[in-house]
$ cat input38.txt   # compact mmCIF, C-alpha atoms and all ligand atoms
# COMPACT_ATOMS: atom_id res chain seq x y z
CA MET D 174 -6.34 -27.24 17.90
CA ALA D 175 -4.85 -25.28 15.05
CA TYR D 176 -5.01 -21.55 14.79
CA VAL D 177 -4.75 -19.55 11.61
CA VAL D 178 -3.06 -16.25 12.17
CA VAL D 179 -4.57 -13.56 9.99
CA ASN D 180 -2.38 -10.53 9.55
CA LYS D 181 -4.53 -7.81 8.09
CA GLN D 182 -1.52 -5.59 7.67
CA ARG D 183 -0.04 -8.06 5.18
CA PRO D 184 -2.78 -9.34 2.86
CA THR D 185 -1.64 -12.22 0.63
CA THR D 186 -4.62 -12.27 -1.76
CA VAL D 187 -6.16 -9.56 -3.92
CA ASN D 188 -9.56 -10.19 -2.35
CA ASP D 189 -8.21 -9.74 1.18
CA ALA D 190 -6.41 -6.54 0.17
CA LYS D 191 -9.65 -5.20 -1.33
CA GLU D 192 -11.80 -6.23 1.61
CA TRP D 193 -9.47 -5.15 4.41
CA TRP D 194 -8.15 -1.92 2.91
CA GLY D 195 -10.87 -0.85 0.47
CA LEU D 196 -8.52 -0.94 -2.50
CA THR D 197 -9.30 -1.12 -6.20
CA ASP D 198 -8.47 -4.37 -8.02
CA HIS D 199 -5.50 -2.65 -9.58
CA ALA D 200 -4.04 -1.27 -6.35
CA ALA D 201 -4.76 -4.51 -4.49
CA SER D 202 -2.94 -6.65 -7.04
CA HIS D 203 0.12 -4.40 -6.95
CA LEU D 204 0.13 -4.35 -3.16
CA VAL D 205 -0.05 -8.14 -2.85
CA ARG D 206 2.82 -8.58 -5.32
CA LEU D 207 4.90 -6.01 -3.48
CA LEU D 208 4.30 -7.52 -0.04
CA ALA D 209 5.34 -10.94 -1.35
CA VAL D 210 8.87 -9.64 -1.95
CA CYS D 211 9.02 -7.17 0.95
CA PRO D 212 9.06 -8.81 4.36
CA GLY D 213 8.89 -6.55 7.37
CA VAL D 214 6.57 -3.87 6.01
CA ALA D 215 2.93 -3.48 7.05
CA VAL D 216 -0.05 -1.58 5.70
CA SER D 217 -1.17 1.20 8.04
CA SER D 218 -3.67 3.00 5.82
CA GLY D 219 -5.69 2.29 2.66
CA ARG D 220 -8.93 3.85 1.44
CA ARG D 221 -10.08 6.82 3.51
CA SER D 222 -13.36 8.64 3.78
CA PRO D 223 -13.12 12.40 3.13
CA GLU D 224 -13.55 12.97 6.89
CA ARG D 225 -10.81 10.54 7.80
CA ASN D 226 -8.52 12.00 5.16
CA ARG D 227 -8.97 15.50 6.56
CA ALA D 228 -8.44 14.25 10.11
CA VAL D 229 -5.06 12.72 9.26
CA GLY D 230 -3.97 15.75 7.26
CA GLY D 231 -4.25 14.04 3.85
CA VAL D 232 -4.06 16.23 0.76
CA ALA D 233 -7.24 17.11 -1.14
CA GLY D 234 -7.69 14.73 -4.06
CA SER D 235 -5.54 12.08 -2.35
CA LEU D 236 -5.47 8.69 -4.04
CA HIS D 237 -6.44 7.29 -0.62
CA LEU D 238 -9.96 8.64 -1.27
CA GLU D 239 -10.26 6.40 -4.32
CA GLY D 240 -8.78 3.28 -2.74
CA ARG D 241 -5.71 3.69 -4.91
CA ALA D 242 -3.09 4.36 -2.22
CA VAL D 243 -1.62 2.68 0.83
CA ASP D 244 0.81 3.72 3.51
CA LEU D 245 3.39 1.20 4.65
CA THR D 246 5.27 1.18 7.92
CA GLY D 247 8.48 -0.59 8.86
CA THR D 248 12.09 0.24 9.46
CA ARG D 249 13.66 2.83 7.18
CA ARG D 250 15.66 0.10 5.49
CA ARG D 251 12.58 -2.04 4.83
CA LEU D 252 10.64 0.93 3.49
CA GLU D 253 13.46 1.93 1.16
CA HIS D 254 13.59 -1.62 -0.12
CA ALA D 255 9.83 -1.51 -0.80
CA ALA D 256 10.17 1.88 -2.53
CA TRP D 257 12.89 0.46 -4.76
CA HIS D 258 10.67 -2.46 -5.79
CA ALA D 259 7.74 -0.14 -6.44
CA ARG D 260 9.84 2.16 -8.63
CA GLU D 261 11.28 -0.77 -10.57
CA GLU D 262 7.78 -1.97 -11.32
CA SER D 263 6.85 1.40 -12.79
CA ARG D 264 9.68 1.05 -15.31
CA THR D 265 8.47 -2.21 -16.82
CA PRO D 266 6.95 -2.21 -20.32
CA GLY D 267 3.25 -1.35 -20.32
CA ARG D 268 3.85 0.27 -16.97
CA THR D 269 0.98 0.08 -14.56
CA GLY D 270 3.21 0.47 -11.53
CA PRO D 271 2.81 3.18 -8.97
CA GLN D 272 1.92 6.73 -9.84
CA GLU D 273 3.13 7.93 -6.44
CA VAL D 274 6.13 6.68 -4.44
CA LEU D 275 6.63 9.07 -1.55
CA MET D 276 8.98 8.40 1.35
CA GLU D 277 7.57 10.29 4.31
CA SER D 278 9.16 10.71 7.71
CA ASP D 279 7.45 7.69 9.25
CA HIS D 280 5.91 5.79 6.33
CA LEU D 281 6.08 5.03 2.62
CA HIS D 282 3.10 6.22 0.57
CA LEU D 283 2.35 4.29 -2.64
CA GLY D 284 -0.41 5.22 -5.08
CA TRP D 285 -1.46 3.27 -8.19
ZN ZN A 301 -0.51 7.96 1.98
$ encode --input "input38.txt" --output "structure tokens" --more "lines below"
Ligand SMILES: [Zn+2]
Amino acid sequence: MAYVVVNKQRPTTVNDAKEWWGLTDHAASHLVRLLAVCPGVAVSSGRRSPERNRAVGGVAGSLHLEGRAVDLTGTRRRLEHAAWHAREESRTPGRTGPQEVLMESDHLHLGW
């Protein structure tokens, strides 16, 4: 008997990222690419309802409300590595990389 382990915190396809975290196509494709080169980080938050956003102290107008942001957890070192990759992506020609790269005390917030 074979088991397939599904790790919802690390989607490997755009469709899974959209379905599991309520992301836009754009955000989902960036997230999947980032996770592929960043082992050891996990998604802890994606799209939020206005109620949920208020409950977790999210800012008004947060990209989480539009399915354009995720929070990642992991060790500080892993999160800094992910932040570096995200920032590099935003410097490429025709930049569609992240609009927000915010290192918080216990997570990395990325918004596209
Ligand atoms: Zn966030």
$ residues_near_ligand --input "input38.txt" --ligand "ligand ZN 301 (chain A)" --cutoff "8 Å" --atoms "only C-alpha atoms and all ligand atoms" --output "ChimeraX atom specification"
/D:218-219,231,235-237,242-244,281-284
$ atom_distance --input "input38.txt" --atom1 "atom CA of Ser278 of chain D" --atom2 "atom CA of Trp193 of chain D"
24.7 Å
$ closest_residue --input "input38.txt" --among "D:Gly247, D:Pro223, D:Pro184, D:Gly234" --to "His203 of chain D" --atoms "all atoms listed in the file"
D:Pro184
$ closest_residue --input "input38.txt" --among "D:Glu262, D:His280, D:His254, D:Pro271" --to "Pro212 of chain D" --atoms "all atoms listed in the file"
D:His254
$ residues_around --input "input38.txt" --residues "Trp257 of chain D" --least-positions-apart "5" --cutoff "12 Å" --atoms "only C-alpha atoms" --output "ChimeraX atom specification"
/D:207,210-211,250-252,262-264,270-271,274-276,281,283
$ write_last_selection --input "input38.txt" --atoms "C-alpha atoms" --output "PDB file, in the coordinates of the input"
ATOM      1  CA  LEU D 207       4.900  -6.010  -3.480  1.00  0.00           C
ATOM      2  CA  VAL D 210       8.870  -9.640  -1.950  1.00  0.00           C
ATOM      3  CA  CYS D 211       9.020  -7.170   0.950  1.00  0.00           C
ATOM      4  CA  ARG D 250      15.660   0.100   5.490  1.00  0.00           C
ATOM      5  CA  ARG D 251      12.580  -2.040   4.830  1.00  0.00           C
ATOM      6  CA  LEU D 252      10.640   0.930   3.490  1.00  0.00           C
ATOM      7  CA  GLU D 262       7.780  -1.970 -11.320  1.00  0.00           C
ATOM      8  CA  SER D 263       6.850   1.400 -12.790  1.00  0.00           C
ATOM      9  CA  ARG D 264       9.680   1.050 -15.310  1.00  0.00           C
ATOM     10  CA  GLY D 270       3.210   0.470 -11.530  1.00  0.00           C
ATOM     11  CA  PRO D 271       2.810   3.180  -8.970  1.00  0.00           C
ATOM     12  CA  VAL D 274       6.130   6.680  -4.440  1.00  0.00           C
ATOM     13  CA  LEU D 275       6.630   9.070  -1.550  1.00  0.00           C
ATOM     14  CA  MET D 276       8.980   8.400   1.350  1.00  0.00           C
ATOM     15  CA  LEU D 281       6.080   5.030   2.620  1.00  0.00           C
ATOM     16  CA  LEU D 283       2.350   4.290  -2.640  1.00  0.00           C
TER      17      LEU D 283
END
$ closest_residue --input "input38.txt" --among "D:Asp189, D:Asp198, D:Glu224, D:Glu253" --to "Glu277 of chain D" --atoms "all atoms listed in the file"
D:Glu253
$ atom_distance --input "input38.txt" --atom1 "atom CA of Val216 of chain D" --atom2 "atom CA of Glu261 of chain D"
19.8 Å
$ atom_distance --input "input38.txt" --atom1 "atom CA of Arg183 of chain D" --atom2 "atom CA of Arg227 of chain D"
25.2 Å
$ residues_near_point --input "input38.txt" --point "(-9.3, -4.8, -3.3)" --cutoff "8 Å" --atoms "all atoms listed in the file" --output "PyMOL selection string"
chain D and resi 187-202
$ closest_residue --input "input38.txt" --among "D:Thr185, D:Leu238, D:Ala256, D:Gly213" --to "Arg225 of chain D" --atoms "only C-alpha atoms"
D:Leu238
$ axis_aligned_box --input "input38.txt" --around "segment 184-191 of chain D" --padding-each-side "6 Å" --output "JSON"
{"center_x": -5.6, "center_y": -8.7, "center_z": -0.5, "size_x": 20.0, "size_y": 19.1, "size_z": 18.8}
$ closest_residue --input "input38.txt" --among "D:Leu245, D:Val178, D:Ala209, D:Ala233" --to "Asp279 of chain D" --atoms "all atoms listed in the file"
D:Leu245
